[in-house]
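Participant: One structure, as structure tokens, below. Some questions next.
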Amino acid sequence: MGSTMGAREYWYDWYDVRGRLLTDLYTSKGSTLLVDIGCGKGHDLAAFDAVFGAIGESSGADLILQDLPQVLDSIEDGELSSRIKKMPHNLFHDQPVKGARGYFLHHVLHDWSDKYCHQILKAIRSAISPGYSKLLIHQLILPDFGANEMQARYDLVLMTHNSGMERSRTQWSKLLEDAGFINVKFFGHFDHNGFIEAEVC
């Protein structure tokens, strides 16, 4: 995701990581702070690690990078911190990391129709610890009415090339609730990026 972020702020610059993720973090060896699912070459998790990785390490909590084997194999040795663990994973399969504090998706779900998003989300939900784990989605959030030209263009490109879509706040709420998530919260940003947090009961 490095190519999409450029010099812009990362999600943790405007989402309260310390208050919403690090508070009450399980501090035992083998626990997991964050799983980056469909991560590409790991730009997001590497940036997160540079700021918060030492906290996870001191608590014994892991940072885990998940994508298909061929994607992870393309990451050069030494490109990522030793704190980050690579784990081959197909996001349509049940999530193998159980009870992590956060499960993170950046620009993943807009590539898929609701049908396939439900499969991805239910695979993650199977691993979530109620009352502790959080689903974290970094994605463009369209207004219900009056999208600007840039937002409309993103939506059209995804529809044309991926059979995907950008979603409005209402559409995100329905998608997540239909997949069994609750307490859906939205965090906006000035450049039209958004951040979504959800839990399971």
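Every chain in the structure tokens has a letter given in the order shown (A, B, ...), and although residue numbers restart at 1 in each chain, ligands are simply numbered from 1 in the order shown.
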Among range 54-123 of chain A, which ones does DSSP assign to alpha helix (DSSP H) (computed from the backbone)? Answer as a list in words.

Facilitator: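 Residues of range 54-123 of chain A classed as alpha helix (DSSP H): Ala54, Ile55, Gly56, Glu57, Ser58, Ser59, Pro69, Gln70, Val71, Leu72, Asp73, Asp114, Lys115, Tyr116, Cys117, His118, Gln119, Ile120, Leu121, Lys122 and Ala123 of chain A.
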
Participant: Do a neighbour search on range 34-48 of chain A at 8 Å with only C-alpha atoms, toss out local chain neighbours closer than 3 positions, and write the hits as a ChimeraX atom specification.

Facilitator: /A:1-2,10,12,51-53,62-68,71-72,74-75,80-81,84,91,97,100-106,108

Participant: Restricted to C-alpha atoms, what would the selected residues look like written as a short mmCIF file (atom, residue, chain, number, x, y, z; two decimals), in the first residue's frame?

Facilitator:
```
data_model
loop_
_atom_site.label_atom_id
_atom_site.label_comp_id
_atom_site.auth_asym_id
_atom_site.auth_seq_id
_atom_site.Cartn_x
_atom_site.Cartn_y
_atom_site.Cartn_z
CA MET A 1 0.00 0.00 0.00
CA GLY A 2 2.98 2.28 -0.04
CA TYR A 10 -1.10 6.77 7.86
CA TYR A 12 -2.62 5.53 13.00
CA VAL A 51 5.88 3.70 15.68
CA PHE A 52 4.32 1.01 17.88
CA GLY A 53 6.31 -2.18 17.28
CA ASP A 62 3.12 -10.25 17.63
CA LEU A 63 2.69 -8.29 14.40
CA ILE A 64 1.62 -10.64 11.60
CA LEU A 65 1.66 -10.04 7.85
CA GLN A 66 -0.68 -12.22 5.75
CA ASP A 67 -0.93 -12.63 1.99
CA LEU A 68 -0.56 -15.35 -0.62
CA VAL A 71 3.36 -12.17 -2.54
CA LEU A 72 5.25 -12.75 0.70
CA SER A 74 8.57 -11.16 -3.15
CA ILE A 75 9.56 -9.33 0.05
CA LEU A 80 10.84 -5.72 7.17
CA SER A 81 11.63 -5.53 10.87
CA ILE A 84 7.03 -8.71 11.83
CA LEU A 91 -8.24 -14.41 2.99
CA VAL A 97 -4.62 -16.29 14.17
CA ALA A 100 -5.69 -10.90 18.02
CA ARG A 101 -6.28 -7.37 19.26
CA GLY A 102 -6.75 -6.07 15.71
CA TYR A 103 -7.46 -7.51 12.24
CA PHE A 104 -6.55 -4.91 9.63
CA LEU A 105 -7.69 -4.57 6.00
CA HIS A 106 -6.48 -1.70 3.80
CA VAL A 108 -9.01 -4.93 0.21
#
```

Participant: Please list as a PyMOL selection string every residue within 8 Å of range 131-141 of chain A, counting only C-alpha atoms and excluding residues in the same chain fewer than 4 positions away.

Facilitator: chain A and resi 11+99-107+110+166-169+192-201

Participant: Can I get the selection written as a PDB file, in the first residue's frame, with N, CA and C atoms?

Facilitator:
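Saved the output as again_27.pdb:
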```pdb
ATOM      1  N   TRP A  11      -3.034   5.684   8.789  1.00  0.00           N
ATOM      2  CA  TRP A  11      -4.259   5.601   9.572  1.00  0.00           C
ATOM      3  C   TRP A  11      -4.019   5.832  11.060  1.00  0.00           C
ATOM      4  N   GLY A  99      -7.953 -14.562  18.276  1.00  0.00           N
ATOM      5  CA  GLY A  99      -7.936 -13.648  19.408  1.00  0.00           C
ATOM      6  C   GLY A  99      -6.927 -12.529  19.344  1.00  0.00           C
ATOM      7  N   ALA A 100      -6.573 -12.062  18.135  1.00  0.00           N
ATOM      8  CA  ALA A 100      -5.688 -10.897  18.021  1.00  0.00           C
ATOM      9  C   ALA A 100      -6.420  -9.647  18.505  1.00  0.00           C
ATOM     10  N   ARG A 101      -5.650  -8.632  18.862  1.00  0.00           N
ATOM     11  CA  ARG A 101      -6.278  -7.367  19.263  1.00  0.00           C
ATOM     12  C   ARG A 101      -6.905  -6.684  18.056  1.00  0.00           C
ATOM     13  N   GLY A 102      -6.216  -6.706  16.903  1.00  0.00           N
ATOM     14  CA  GLY A 102      -6.753  -6.072  15.710  1.00  0.00           C
ATOM     15  C   GLY A 102      -6.533  -6.901  14.457  1.00  0.00           C
ATOM     16  N   TYR A 103      -7.543  -6.897  13.577  1.00  0.00           N
ATOM     17  CA  TYR A 103      -7.457  -7.515  12.243  1.00  0.00           C
ATOM     18  C   TYR A 103      -7.654  -6.388  11.239  1.00  0.00           C
ATOM     19  N   PHE A 104      -6.629  -6.127  10.438  1.00  0.00           N
ATOM     20  CA  PHE A 104      -6.551  -4.911   9.634  1.00  0.00           C
ATOM     21  C   PHE A 104      -6.658  -5.217   8.141  1.00  0.00           C
ATOM     22  N   LEU A 105      -7.529  -4.469   7.456  1.00  0.00           N
ATOM     23  CA  LEU A 105      -7.694  -4.570   6.001  1.00  0.00           C
ATOM     24  C   LEU A 105      -7.570  -3.173   5.401  1.00  0.00           C
ATOM     25  N   HIS A 106      -6.648  -3.000   4.462  1.00  0.00           N
ATOM     26  CA  HIS A 106      -6.479  -1.703   3.800  1.00  0.00           C
ATOM     27  C   HIS A 106      -6.702  -1.869   2.305  1.00  0.00           C
ATOM     28  N   HIS A 107      -7.717  -1.203   1.787  1.00  0.00           N
ATOM     29  CA  HIS A 107      -8.040  -1.248   0.360  1.00  0.00           C
ATOM     30  C   HIS A 107      -8.123  -2.685  -0.158  1.00  0.00           C
ATOM     31  N   HIS A 110     -12.845  -3.221  -1.165  1.00  0.00           N
ATOM     32  CA  HIS A 110     -13.432  -2.520  -2.323  1.00  0.00           C
ATOM     33  C   HIS A 110     -13.202  -3.277  -3.633  1.00  0.00           C
ATOM     34  N   GLU A 166     -16.580   1.207  -4.331  1.00  0.00           N
ATOM     35  CA  GLU A 166     -16.429   1.959  -3.095  1.00  0.00           C
ATOM     36  C   GLU A 166     -17.808   2.005  -2.438  1.00  0.00           C
ATOM     37  N   ARG A 167     -17.836   2.122  -1.121  1.00  0.00           N
ATOM     38  CA  ARG A 167     -19.100   2.039  -0.403  1.00  0.00           C
ATOM     39  C   ARG A 167     -19.338   3.284   0.453  1.00  0.00           C
ATOM     40  N   SER A 168     -20.610   3.575   0.620  1.00  0.00           N
ATOM     41  CA  SER A 168     -21.002   4.680   1.496  1.00  0.00           C
ATOM     42  C   SER A 168     -21.044   4.183   2.943  1.00  0.00           C
ATOM     43  N   ARG A 169     -21.182   5.121   3.847  1.00  0.00           N
ATOM     44  CA  ARG A 169     -21.297   4.765   5.265  1.00  0.00           C
ATOM     45  C   ARG A 169     -22.457   3.794   5.494  1.00  0.00           C
ATOM     46  N   HIS A 192     -10.523  12.206   2.369  1.00  0.00           N
ATOM     47  CA  HIS A 192     -11.597  11.303   1.946  1.00  0.00           C
ATOM     48  C   HIS A 192     -11.343   9.849   2.332  1.00  0.00           C
ATOM     49  N   ASN A 193     -10.166   9.548   2.883  1.00  0.00           N
ATOM     50  CA  ASN A 193      -9.984   8.219   3.440  1.00  0.00           C
ATOM     51  C   ASN A 193     -10.828   8.111   4.694  1.00  0.00           C
ATOM     52  N   GLY A 194     -11.177   6.896   5.040  1.00  0.00           N
ATOM     53  CA  GLY A 194     -11.930   6.684   6.258  1.00  0.00           C
ATOM     54  C   GLY A 194     -11.391   5.481   6.992  1.00  0.00           C
ATOM     55  N   PHE A 195     -11.841   5.316   8.210  1.00  0.00           N
ATOM     56  CA  PHE A 195     -11.411   4.181   9.022  1.00  0.00           C
ATOM     57  C   PHE A 195     -12.629   3.647   9.747  1.00  0.00           C
ATOM     58  N   ILE A 196     -12.769   2.331   9.740  1.00  0.00           N
ATOM     59  CA  ILE A 196     -13.934   1.682  10.326  1.00  0.00           C
ATOM     60  C   ILE A 196     -13.459   0.691  11.377  1.00  0.00           C
ATOM     61  N   GLU A 197     -14.125   0.707  12.505  1.00  0.00           N
ATOM     62  CA  GLU A 197     -13.844  -0.245  13.582  1.00  0.00           C
ATOM     63  C   GLU A 197     -15.127  -1.014  13.873  1.00  0.00           C
ATOM     64  N   ALA A 198     -15.019  -2.323  14.045  1.00  0.00           N
ATOM     65  CA  ALA A 198     -16.200  -3.127  14.366  1.00  0.00           C
ATOM     66  C   ALA A 198     -15.788  -4.275  15.282  1.00  0.00           C
ATOM     67  N   GLU A 199     -16.783  -4.844  15.954  1.00  0.00           N
ATOM     68  CA  GLU A 199     -16.549  -5.935  16.896  1.00  0.00           C
ATOM     69  C   GLU A 199     -17.593  -7.023  16.670  1.00  0.00           C
ATOM     70  N   VAL A 200     -17.477  -8.091  17.437  1.00  0.00           N
ATOM     71  CA  VAL A 200     -18.528  -9.111  17.447  1.00  0.00           C
ATOM     72  C   VAL A 200     -19.017  -9.269  18.879  1.00  0.00           C
ATOM     73  N   CYS A 201     -20.249  -9.757  19.010  1.00  0.00           N
ATOM     74  CA  CYS A 201     -20.790  -9.938  20.358  1.00  0.00           C
ATOM     75  C   CYS A 201     -20.494 -11.349  20.855  1.00  0.00           C
TER      76      CYS A 201
END
```

Participant: Of the residues A:Ser58, A:Gln119, A:Gln95, A:Ser113, which is the one nearest to Ala179 in chain A, using only C-alpha atoms?

Facilitator: A:Gln119

Participant: Could you please determine the separation between CA of Trp172 in chain A and CA of His118 in chain A in Å, to one decimal place?

Facilitator: 11.5 Å

Participant: Tell me which of A:Thr32, A:Gln70, A:Ser129, A:Ser59 sits closest to Lys85 in chain A, counting only C-alpha atoms.

Facilitator: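 So, comparing all the options, the nearest one is A:Thr32.
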
Participant: CA of Asp114 in chain A to CA of Lys185 in chain A: how many Å, to one decimal?

Facilitator: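 If I compute the distance from CA of Asp114 in chain A to CA of Lys185 in chain A, I get 19.2 Å.
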
Participant: How many Å separate CA of Ala50 in chain A from CA of Leu33 in chain A?

Facilitator: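 About the pair CA of Ala50 in chain A and CA of Leu33 in chain A: they are 14.0 Å apart.
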
Participant: Can you list, as a PDB file with C-alpha atoms, in the first residue's frame, every residue of range 9-109 of chain A that DSSP puts in strand (DSSP E or B)?

Facilitator:
```
ATOM      1  CA  THR A  32      -1.042 -10.823  18.723  1.00  0.00           C
ATOM      2  CA  LEU A  33      -1.345  -7.059  18.487  1.00  0.00           C
ATOM      3  CA  LEU A  34      -2.183  -6.700  14.785  1.00  0.00           C
ATOM      4  CA  VAL A  35      -2.799  -8.965  11.787  1.00  0.00           C
ATOM      5  CA  ASP A  36      -2.481  -7.208   8.409  1.00  0.00           C
ATOM      6  CA  ILE A  37      -4.602  -9.270   5.987  1.00  0.00           C
ATOM      7  CA  ASP A  62       3.122 -10.248  17.629  1.00  0.00           C
ATOM      8  CA  LEU A  63       2.687  -8.291  14.398  1.00  0.00           C
ATOM      9  CA  ILE A  64       1.621 -10.638  11.597  1.00  0.00           C
ATOM     10  CA  LEU A  65       1.661 -10.044   7.850  1.00  0.00           C
ATOM     11  CA  GLN A  66      -0.676 -12.224   5.750  1.00  0.00           C
ATOM     12  CA  ASP A  67      -0.932 -12.634   1.995  1.00  0.00           C
ATOM     13  CA  ILE A  84       7.025  -8.707  11.827  1.00  0.00           C
ATOM     14  CA  LYS A  85       6.131 -12.332  11.140  1.00  0.00           C
ATOM     15  CA  LYS A  86       5.134 -13.366   7.608  1.00  0.00           C
ATOM     16  CA  MET A  87       2.300 -15.894   7.370  1.00  0.00           C
ATOM     17  CA  PRO A  88       0.956 -17.267   4.055  1.00  0.00           C
ATOM     18  CA  GLY A 102      -6.753  -6.072  15.710  1.00  0.00           C
ATOM     19  CA  TYR A 103      -7.457  -7.515  12.243  1.00  0.00           C
ATOM     20  CA  PHE A 104      -6.551  -4.911   9.634  1.00  0.00           C
ATOM     21  CA  LEU A 105      -7.694  -4.570   6.001  1.00  0.00           C
ATOM     22  CA  HIS A 106      -6.479  -1.703   3.800  1.00  0.00           C
TER      23      HIS A 106
END
```

Participant: Counting only C-alpha atoms, what is within 8 Å of His93 in chain A, bar same-chain residues fewer than 4 positions away, as a PDB file with N, CA and C atoms, in the first residue's frame?

Facilitator:
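So part.pdb came out as:
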```
ATOM      1  N   HIS A  89      -1.414 -16.882   3.725  1.00  0.00           N
ATOM      2  CA  HIS A  89      -2.833 -17.046   4.060  1.00  0.00           C
ATOM      3  C   HIS A  89      -3.697 -16.582   2.900  1.00  0.00           C
ATOM      4  N   ILE A 120     -15.067 -13.139   3.154  1.00  0.00           N
ATOM      5  CA  ILE A 120     -13.832 -12.650   3.775  1.00  0.00           C
ATOM      6  C   ILE A 120     -14.084 -12.271   5.234  1.00  0.00           C
ATOM      7  N   ALA A 123     -14.735 -15.231   7.545  1.00  0.00           N
ATOM      8  CA  ALA A 123     -13.491 -15.953   7.829  1.00  0.00           C
ATOM      9  C   ALA A 123     -12.716 -15.269   8.954  1.00  0.00           C
TER      10      ALA A 123
END
```

Participant: In terms of the shortest atom-to-atom distance over only C-alpha atoms, which of A:Ala61, A:Leu109, A:Pro143, A:Glu9 is closest to Leu21 in chain A?

Facilitator: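 Once distances to Leu21 in chain A are computed over only C-alpha atoms, the minimum belongs to A:Ala61.
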
Participant: With distances taken over only C-alpha atoms, which of A:Lys98, A:Lys115, A:Gly78, A:Ser31 is nearest to Ala127 in chain A?

Facilitator: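 The closest residue to Ala127 in chain A is A:Lys98.
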